[in-house]
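First the structure, in the form of structure tokens, and then the observations on it.
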Amino acid sequence: MVVLHAYVHLRSDQVSAGIAACTEVRHLSVLEPGCDRYDFFQSPDDATRLVFVEEWESKAALDLHFQQPAFLEFVAKMESLVERPSEIRIFESNLL
């Protein structure tokens, strides 16, 4: 299993647009082969901060996700909505 955490800091005037973009890409991503979990959460203390929590069957499944048109469109859209580049951490686990 591969776990991805992405930390996103939206521009304060783009929170609604950012949430909409995240919701759209989530809707499509959960249908992809190898996607076991694809969620994002908004900080209760700062509406501009989001955390993605994803679980993928394998690194190959995650790599394929990164090539999907919906994901590429999401990345392009988010460039104008974020305050700074997102931080992405990927972990591999053999626990399950």
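Just remember, in the structure tokens the first chain shown is A, the second B, etc., residues are 1-based per chain, and ligands are 1-based in the order shown.
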
With only C-alpha atoms as the counted atoms, please give the residues lying no more than 9 Å from Phe91 in chain A, apart from itself and same-chain residues fewer than 2 positions off, as a PDB file with N, CA and C atoms, in the first residue's frame.
```pdb
ATOM      1  N   MET A   1       0.839  -1.170   0.000  1.00  0.00           N
ATOM      2  CA  MET A   1       0.000   0.000   0.000  1.00  0.00           C
ATOM      3  C   MET A   1       0.889   1.239   0.000  1.00  0.00           C
ATOM      4  N   VAL A   2       0.432   2.260  -0.701  1.00  0.00           N
ATOM      5  CA  VAL A   2       1.119   3.546  -0.750  1.00  0.00           C
ATOM      6  C   VAL A   2       0.171   4.592  -0.183  1.00  0.00           C
ATOM      7  N   VAL A   3       0.687   5.418   0.721  1.00  0.00           N
ATOM      8  CA  VAL A   3      -0.100   6.476   1.351  1.00  0.00           C
ATOM      9  C   VAL A   3       0.481   7.815   0.930  1.00  0.00           C
ATOM     10  N   LEU A   4      -0.386   8.712   0.520  1.00  0.00           N
ATOM     11  CA  LEU A   4       0.033  10.053   0.129  1.00  0.00           C
ATOM     12  C   LEU A   4      -0.658  11.052   1.037  1.00  0.00           C
ATOM     13  N   HIS A   5       0.125  11.980   1.560  1.00  0.00           N
ATOM     14  CA  HIS A   5      -0.408  13.139   2.280  1.00  0.00           C
ATOM     15  C   HIS A   5       0.036  14.370   1.487  1.00  0.00           C
ATOM     16  N   ARG A  89       3.901  14.194   0.575  1.00  0.00           N
ATOM     17  CA  ARG A  89       4.686  13.130   1.198  1.00  0.00           C
ATOM     18  C   ARG A  89       4.076  11.795   0.789  1.00  0.00           C
ATOM     19  N   SER A  93       3.880   1.173   2.680  1.00  0.00           N
ATOM     20  CA  SER A  93       3.634   0.353   3.862  1.00  0.00           C
ATOM     21  C   SER A  93       3.415  -1.092   3.442  1.00  0.00           C
TER      22      SER A  93
END
```

#### Entry: Those in chain A with alpha helix (DSSP H) from DSSP, as a PyMOL selection string
chain A and resi 15-29+59-67+69-78

### Query
Which residues come within 6 Å of range 8-21 of chain A, counting only C-alpha atoms, excluding same-chain residues fewer than 3 positions away, as an NGL selection string?
:A and (24 or 48-50 or 81-83 or 86)

### Task
For each of A:Leu72, A:Ile90, A:Val53, A:Ala60, take the minimum atom-to-atom distance to Arg37 in chain A, counting only C-alpha atoms, then give the residue where this is smallest.
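Of the candidates, the smallest distance to Arg37 in chain A is held by A:Val53.
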